[in-house]
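Please read the structure below before turning to the comments.
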Amino acid sequence: MAGTPFDQLSGDIWYDGEFVPWSDAKLHILSHGLHYGSSVFEGERAYGGRIFKSGEHTERLLESARTLGFEIPWTAEQINAAKEETLARMQLTDAYIRPVAWRGSEMMGISAQTNTIHLAIAAWEWPSYFKPEERLKGIRLDMAEYRRPDPKTAPFKAKAAGLYMICTVSKHAAEQKGYTDALMLDWRGRVAECTGANVFFIREGKIHTPTPDCFLDGITRRTVIDLARERGIEVIERAIMPEEIPEFEQCFVTGTAAEVTPVSEIAGTKFEVGEIIETLMKDYDAAVRPDAPALQAAAG
């Protein structure tokens, strides 16, 4: 993404209980979280000054940390309040919020059980994850080389920084080939997710989506499933094989950053952007924004 580097933005960041100038929000180069991936994070959006499902994100952050074997030394209530204060301090209404927690630098080695646990919260203006012109016509996906790991080899329910390494590699490889993102399979060869978003397919008016048994069951994913069912659209969670992809008529991805984004192609297979996707895009927009008139308009 072009623009000002993130370490050169202006404003303040909530860091271990107090606000520090953006440029002073630093950690030591020998922090455990940097070397060994002992870090967890959340991606959240605020719409009209309201952080969407803030409580759910905070609970997942705390649980992710516990899964990695550490306790964040702030309560859910304190973290929620800190996010709100950060948003207000940055004078933002529509924004992206990034809480991140990590092991500090007291010990450098695989074992670092006594290291200080740090927490920081930043907020900034960030539009859709994908370029607006791509999002309207549908993004193009390649097939990723790397796969989501067996649940017995990685704590997949945690939003842990280390689990995103193969996502970065896969997205970069796709972009180098002219695609926007990559679709990942799981260790069994089943369709799993994109590098930073969950995936859905549509056939004969029904939505099909992979069962999240080895990848993150996204908060946006669950929101969109609820919205579809409220519309009376059947949502089927099941194992999906890659050879089924050409049989689907439509495809879209979901995530806090991606929101609801249509897919126009997966490695040569073309999809249309149909009425169901357009409806869910409108319904999701109405759900995340605090103004009641927009919700009524989308529902009508």
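Quick note on naming: the chains in the structure tokens go A, B, ... in the order shown, residues restart at 1 in each chain, and ligands are numbered from 1 in order of appearance.
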
Inset, instruction - For Cys167 of chain A, list every protein, DNA or RNA residue within 8 Å, evaluated using only C-alpha atoms, and leave out those in the same chain fewer than 3 positions away; present the list as a VMD selection string. - result: chain A and resid 163 to 164 170 to 171 195 to 196

Legend entry - All residues 10 Å or closer to Glu204 of chain A, only C-alpha atoms, same chain fewer than 5 positions away omitted, as a ChimeraX atom specification: /A:248-250

Inset, instruction - Would you mind listing what lies within 7 Å of Ser64 of chain A as a list in words, with only C-alpha atoms counted and same-chain residues fewer than 5 positions away left out? - result: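 Final neighbour list, sorted by chain and number: Val40, Ala158, Lys159 and Ala160 of chain A.
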
Legend entry - Picked from segment 150-224 of chain A by DSSP as strand (DSSP E or B), as a list in words: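 Put together, the selection reads Ala160, Asp181, Ala182, Leu183, Met184, Leu185, Asp186, Val191, Ala192, Glu193, Cys194, Asn198, Val199, Phe200, Phe201, Ile202, Arg203, Lys206, Ile207, His208, Thr209 and Pro210 of chain A.
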
Mind dumping the selected residues with N, CA, C and O atoms as a PDB file, in the first residue's frame?
ATOM      1  N   ALA A 160      -2.663 -15.460  16.011  1.00  0.00           N
ATOM      2  CA  ALA A 160      -1.257 -15.334  16.389  1.00  0.00           C
ATOM      3  C   ALA A 160      -0.436 -14.863  15.202  1.00  0.00           C
ATOM      4  O   ALA A 160      -0.630 -15.326  14.068  1.00  0.00           O
ATOM      5  N   ASP A 181      -4.915 -11.648  -4.466  1.00  0.00           N
ATOM      6  CA  ASP A 181      -4.723 -12.441  -3.252  1.00  0.00           C
ATOM      7  C   ASP A 181      -4.626 -13.913  -3.666  1.00  0.00           C
ATOM      8  O   ASP A 181      -4.646 -14.241  -4.856  1.00  0.00           O
ATOM      9  N   ALA A 182      -4.525 -14.781  -2.662  1.00  0.00           N
ATOM     10  CA  ALA A 182      -4.406 -16.211  -2.934  1.00  0.00           C
ATOM     11  C   ALA A 182      -5.403 -16.997  -2.098  1.00  0.00           C
ATOM     12  O   ALA A 182      -5.692 -16.639  -0.953  1.00  0.00           O
ATOM     13  N   LEU A 183      -5.910 -18.074  -2.668  1.00  0.00           N
ATOM     14  CA  LEU A 183      -6.773 -19.003  -1.964  1.00  0.00           C
ATOM     15  C   LEU A 183      -5.908 -20.153  -1.459  1.00  0.00           C
ATOM     16  O   LEU A 183      -5.171 -20.775  -2.228  1.00  0.00           O
ATOM     17  N   MET A 184      -6.029 -20.442  -0.164  1.00  0.00           N
ATOM     18  CA  MET A 184      -5.216 -21.479   0.450  1.00  0.00           C
ATOM     19  C   MET A 184      -6.036 -22.737   0.681  1.00  0.00           C
ATOM     20  O   MET A 184      -7.212 -22.666   1.056  1.00  0.00           O
ATOM     21  N   LEU A 185      -5.415 -23.875   0.470  1.00  0.00           N
ATOM     22  CA  LEU A 185      -6.002 -25.154   0.841  1.00  0.00           C
ATOM     23  C   LEU A 185      -5.535 -25.510   2.245  1.00  0.00           C
ATOM     24  O   LEU A 185      -4.616 -24.887   2.781  1.00  0.00           O
ATOM     25  N   ASP A 186      -6.168 -26.514   2.852  1.00  0.00           N
ATOM     26  CA  ASP A 186      -5.661 -26.978   4.136  1.00  0.00           C
ATOM     27  C   ASP A 186      -4.747 -28.184   3.911  1.00  0.00           C
ATOM     28  O   ASP A 186      -4.505 -28.592   2.773  1.00  0.00           O
ATOM     29  N   VAL A 191     -10.373 -26.787   0.348  1.00  0.00           N
ATOM     30  CA  VAL A 191     -10.398 -25.321   0.344  1.00  0.00           C
ATOM     31  C   VAL A 191     -10.475 -24.830   1.788  1.00  0.00           C
ATOM     32  O   VAL A 191     -11.280 -25.333   2.582  1.00  0.00           O
ATOM     33  N   ALA A 192      -9.636 -23.846   2.131  1.00  0.00           N
ATOM     34  CA  ALA A 192      -9.621 -23.328   3.498  1.00  0.00           C
ATOM     35  C   ALA A 192     -10.052 -21.860   3.539  1.00  0.00           C
ATOM     36  O   ALA A 192     -11.183 -21.542   3.898  1.00  0.00           O
ATOM     37  N   GLU A 193      -9.166 -20.965   3.138  1.00  0.00           N
ATOM     38  CA  GLU A 193      -9.427 -19.523   3.250  1.00  0.00           C
ATOM     39  C   GLU A 193      -8.450 -18.782   2.366  1.00  0.00           C
ATOM     40  O   GLU A 193      -7.538 -19.373   1.783  1.00  0.00           O
ATOM     41  N   CYS A 194      -8.617 -17.452   2.286  1.00  0.00           N
ATOM     42  CA  CYS A 194      -7.616 -16.618   1.634  1.00  0.00           C
ATOM     43  C   CYS A 194      -6.555 -16.244   2.666  1.00  0.00           C
ATOM     44  O   CYS A 194      -6.601 -16.684   3.808  1.00  0.00           O
ATOM     45  N   ASN A 198     -11.951 -15.026   5.031  1.00  0.00           N
ATOM     46  CA  ASN A 198     -12.681 -16.275   4.823  1.00  0.00           C
ATOM     47  C   ASN A 198     -13.350 -16.252   3.452  1.00  0.00           C
ATOM     48  O   ASN A 198     -13.631 -15.178   2.906  1.00  0.00           O
ATOM     49  N   VAL A 199     -13.617 -17.434   2.905  1.00  0.00           N
ATOM     50  CA  VAL A 199     -14.149 -17.518   1.544  1.00  0.00           C
ATOM     51  C   VAL A 199     -15.511 -18.207   1.537  1.00  0.00           C
ATOM     52  O   VAL A 199     -15.775 -19.119   2.329  1.00  0.00           O
ATOM     53  N   PHE A 200     -16.380 -17.737   0.635  1.00  0.00           N
ATOM     54  CA  PHE A 200     -17.728 -18.278   0.452  1.00  0.00           C
ATOM     55  C   PHE A 200     -17.983 -18.494  -1.044  1.00  0.00           C
ATOM     56  O   PHE A 200     -17.494 -17.732  -1.879  1.00  0.00           O
ATOM     57  N   PHE A 201     -18.787 -19.507  -1.347  1.00  0.00           N
ATOM     58  CA  PHE A 201     -19.186 -19.791  -2.723  1.00  0.00           C
ATOM     59  C   PHE A 201     -20.713 -19.845  -2.794  1.00  0.00           C
ATOM     60  O   PHE A 201     -21.376 -20.145  -1.800  1.00  0.00           O
ATOM     61  N   ILE A 202     -21.252 -19.568  -3.989  1.00  0.00           N
ATOM     62  CA  ILE A 202     -22.702 -19.592  -4.185  1.00  0.00           C
ATOM     63  C   ILE A 202     -23.029 -20.472  -5.385  1.00  0.00           C
ATOM     64  O   ILE A 202     -22.404 -20.350  -6.447  1.00  0.00           O
ATOM     65  N   ARG A 203     -24.021 -21.343  -5.196  1.00  0.00           N
ATOM     66  CA  ARG A 203     -24.510 -22.184  -6.290  1.00  0.00           C
ATOM     67  C   ARG A 203     -25.997 -22.412  -6.086  1.00  0.00           C
ATOM     68  O   ARG A 203     -26.432 -22.785  -4.993  1.00  0.00           O
ATOM     69  N   LYS A 206     -27.717 -21.045  -2.954  1.00  0.00           N
ATOM     70  CA  LYS A 206     -27.236 -21.466  -1.638  1.00  0.00           C
ATOM     71  C   LYS A 206     -25.770 -21.085  -1.465  1.00  0.00           C
ATOM     72  O   LYS A 206     -24.995 -21.126  -2.427  1.00  0.00           O
ATOM     73  N   ILE A 207     -25.418 -20.731  -0.237  1.00  0.00           N
ATOM     74  CA  ILE A 207     -24.039 -20.356   0.074  1.00  0.00           C
ATOM     75  C   ILE A 207     -23.321 -21.558   0.678  1.00  0.00           C
ATOM     76  O   ILE A 207     -23.843 -22.221   1.573  1.00  0.00           O
ATOM     77  N   HIS A 208     -22.134 -21.816   0.180  1.00  0.00           N
ATOM     78  CA  HIS A 208     -21.290 -22.896   0.692  1.00  0.00           C
ATOM     79  C   HIS A 208     -19.991 -22.277   1.209  1.00  0.00           C
ATOM     80  O   HIS A 208     -19.396 -21.430   0.538  1.00  0.00           O
ATOM     81  N   THR A 209     -19.545 -22.707   2.366  1.00  0.00           N
ATOM     82  CA  THR A 209     -18.308 -22.177   2.936  1.00  0.00           C
ATOM     83  C   THR A 209     -17.580 -23.270   3.704  1.00  0.00           C
ATOM     84  O   THR A 209     -18.229 -24.136   4.309  1.00  0.00           O
ATOM     85  N   PRO A 210     -16.256 -23.286   3.678  1.00  0.00           N
ATOM     86  CA  PRO A 210     -15.508 -24.336   4.378  1.00  0.00           C
ATOM     87  C   PRO A 210     -15.747 -24.316   5.885  1.00  0.00           C
ATOM     88  O   PRO A 210     -15.891 -23.249   6.491  1.00  0.00           O
TER      89      PRO A 210
END

Inset, instruction - Grab the atom CA of Lys177 of chain A to atom CA of Pro242 of chain A distance for me, in Å with one decimal place. - result: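 Separation between atom CA of Lys177 of chain A and atom CA of Pro242 of chain A: 20.0 Å.
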
Give me, as CSV, each residue of segment 64-134 of chain A that comes within 6 Å of segment 46-58 of chain A, together with its shortest interatomic pair and the distance in Å at one decimal, counting only C-alpha atoms, with rows ordered by chain and rising residue number.
residue,atom,partner,partner_atom,distance
A:Thr93,CA,A:Gly49,CA,3.9
A:Asp94,CA,A:Tyr47,CA,4.6
A:Ala95,CA,A:Ala46,CA,5.1

Keeping N, CA and C atoms for every residue in the selection just given, could you write it to a file as a PDB file, in the first residue's frame?
ATOM      1  N   THR A  93     -13.476   8.701  13.300  1.00  0.00           N
ATOM      2  CA  THR A  93     -14.803   8.071  13.383  1.00  0.00           C
ATOM      3  C   THR A  93     -14.843   6.789  12.565  1.00  0.00           C
ATOM      4  N   ASP A  94     -14.326   6.838  11.324  1.00  0.00           N
ATOM      5  CA  ASP A  94     -14.175   5.640  10.498  1.00  0.00           C
ATOM      6  C   ASP A  94     -12.696   5.280  10.492  1.00  0.00           C
ATOM      7  N   ALA A  95     -12.363   4.152  11.084  1.00  0.00           N
ATOM      8  CA  ALA A  95     -10.943   3.851  11.291  1.00  0.00           C
ATOM      9  C   ALA A  95     -10.703   2.361  11.446  1.00  0.00           C
TER      10      ALA A  95
END

Inset, instruction - Excluding Leu9 of chain A and residues on its chain fewer than 6 positions from it, collect all residues at most 9 Å away from it, counting only C-alpha atoms, and give them as a list in words. - result: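 What passes the distance filter is Trp22, Ser23 and Trp124 of chain A.
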
Include all heavy atoms and write out the residues we just selected as a PDB file, in the first residue's frame.
ATOM      1  N   TRP A  22       3.321   8.730  18.480  1.00  0.00           N
ATOM      2  CA  TRP A  22       3.384   7.653  17.497  1.00  0.00           C
ATOM      3  C   TRP A  22       4.830   7.214  17.242  1.00  0.00           C
ATOM      4  O   TRP A  22       5.142   6.018  17.210  1.00  0.00           O
ATOM      5  CB  TRP A  22       2.726   8.111  16.195  1.00  0.00           C
ATOM      6  CG  TRP A  22       2.403   7.007  15.242  1.00  0.00           C
ATOM      7  CD1 TRP A  22       3.283   6.323  14.447  1.00  0.00           C
ATOM      8  CD2 TRP A  22       1.116   6.434  14.982  1.00  0.00           C
ATOM      9  NE1 TRP A  22       2.625   5.373  13.699  1.00  0.00           N
ATOM     10  CE2 TRP A  22       1.290   5.419  14.009  1.00  0.00           C
ATOM     11  CE3 TRP A  22      -0.173   6.686  15.461  1.00  0.00           C
ATOM     12  CZ2 TRP A  22       0.231   4.667  13.510  1.00  0.00           C
ATOM     13  CZ3 TRP A  22      -1.228   5.933  14.968  1.00  0.00           C
ATOM     14  CH2 TRP A  22      -1.028   4.933  14.008  1.00  0.00           C
ATOM     15  N   SER A  23       5.722   8.169  17.058  1.00  0.00           N
ATOM     16  CA  SER A  23       7.110   7.848  16.716  1.00  0.00           C
ATOM     17  C   SER A  23       7.881   7.236  17.878  1.00  0.00           C
ATOM     18  O   SER A  23       8.965   6.665  17.674  1.00  0.00           O
ATOM     19  CB  SER A  23       7.840   9.111  16.241  1.00  0.00           C
ATOM     20  OG  SER A  23       7.815  10.111  17.252  1.00  0.00           O
ATOM     21  N   TRP A 124      -5.944   4.132  12.944  1.00  0.00           N
ATOM     22  CA  TRP A 124      -5.630   4.996  11.820  1.00  0.00           C
ATOM     23  C   TRP A 124      -6.734   4.886  10.776  1.00  0.00           C
ATOM     24  O   TRP A 124      -7.543   3.965  10.804  1.00  0.00           O
ATOM     25  CB  TRP A 124      -4.275   4.631  11.205  1.00  0.00           C
ATOM     26  CG  TRP A 124      -4.176   3.253  10.626  1.00  0.00           C
ATOM     27  CD1 TRP A 124      -4.489   2.856   9.356  1.00  0.00           C
ATOM     28  CD2 TRP A 124      -3.726   2.058  11.299  1.00  0.00           C
ATOM     29  NE1 TRP A 124      -4.264   1.508   9.190  1.00  0.00           N
ATOM     30  CE2 TRP A 124      -3.786   0.994  10.367  1.00  0.00           C
ATOM     31  CE3 TRP A 124      -3.278   1.786  12.601  1.00  0.00           C
ATOM     32  CZ2 TRP A 124      -3.425  -0.307  10.694  1.00  0.00           C
ATOM     33  CZ3 TRP A 124      -2.923   0.487  12.928  1.00  0.00           C
ATOM     34  CH2 TRP A 124      -2.987  -0.539  11.980  1.00  0.00           C
TER      35      TRP A 124
END

Inset, instruction - May I ask for the distance between atom CA of Glu275 of chain A and atom CA of Pro127 of chain A, given in Å to one decimal place? - result: 23.7 Å
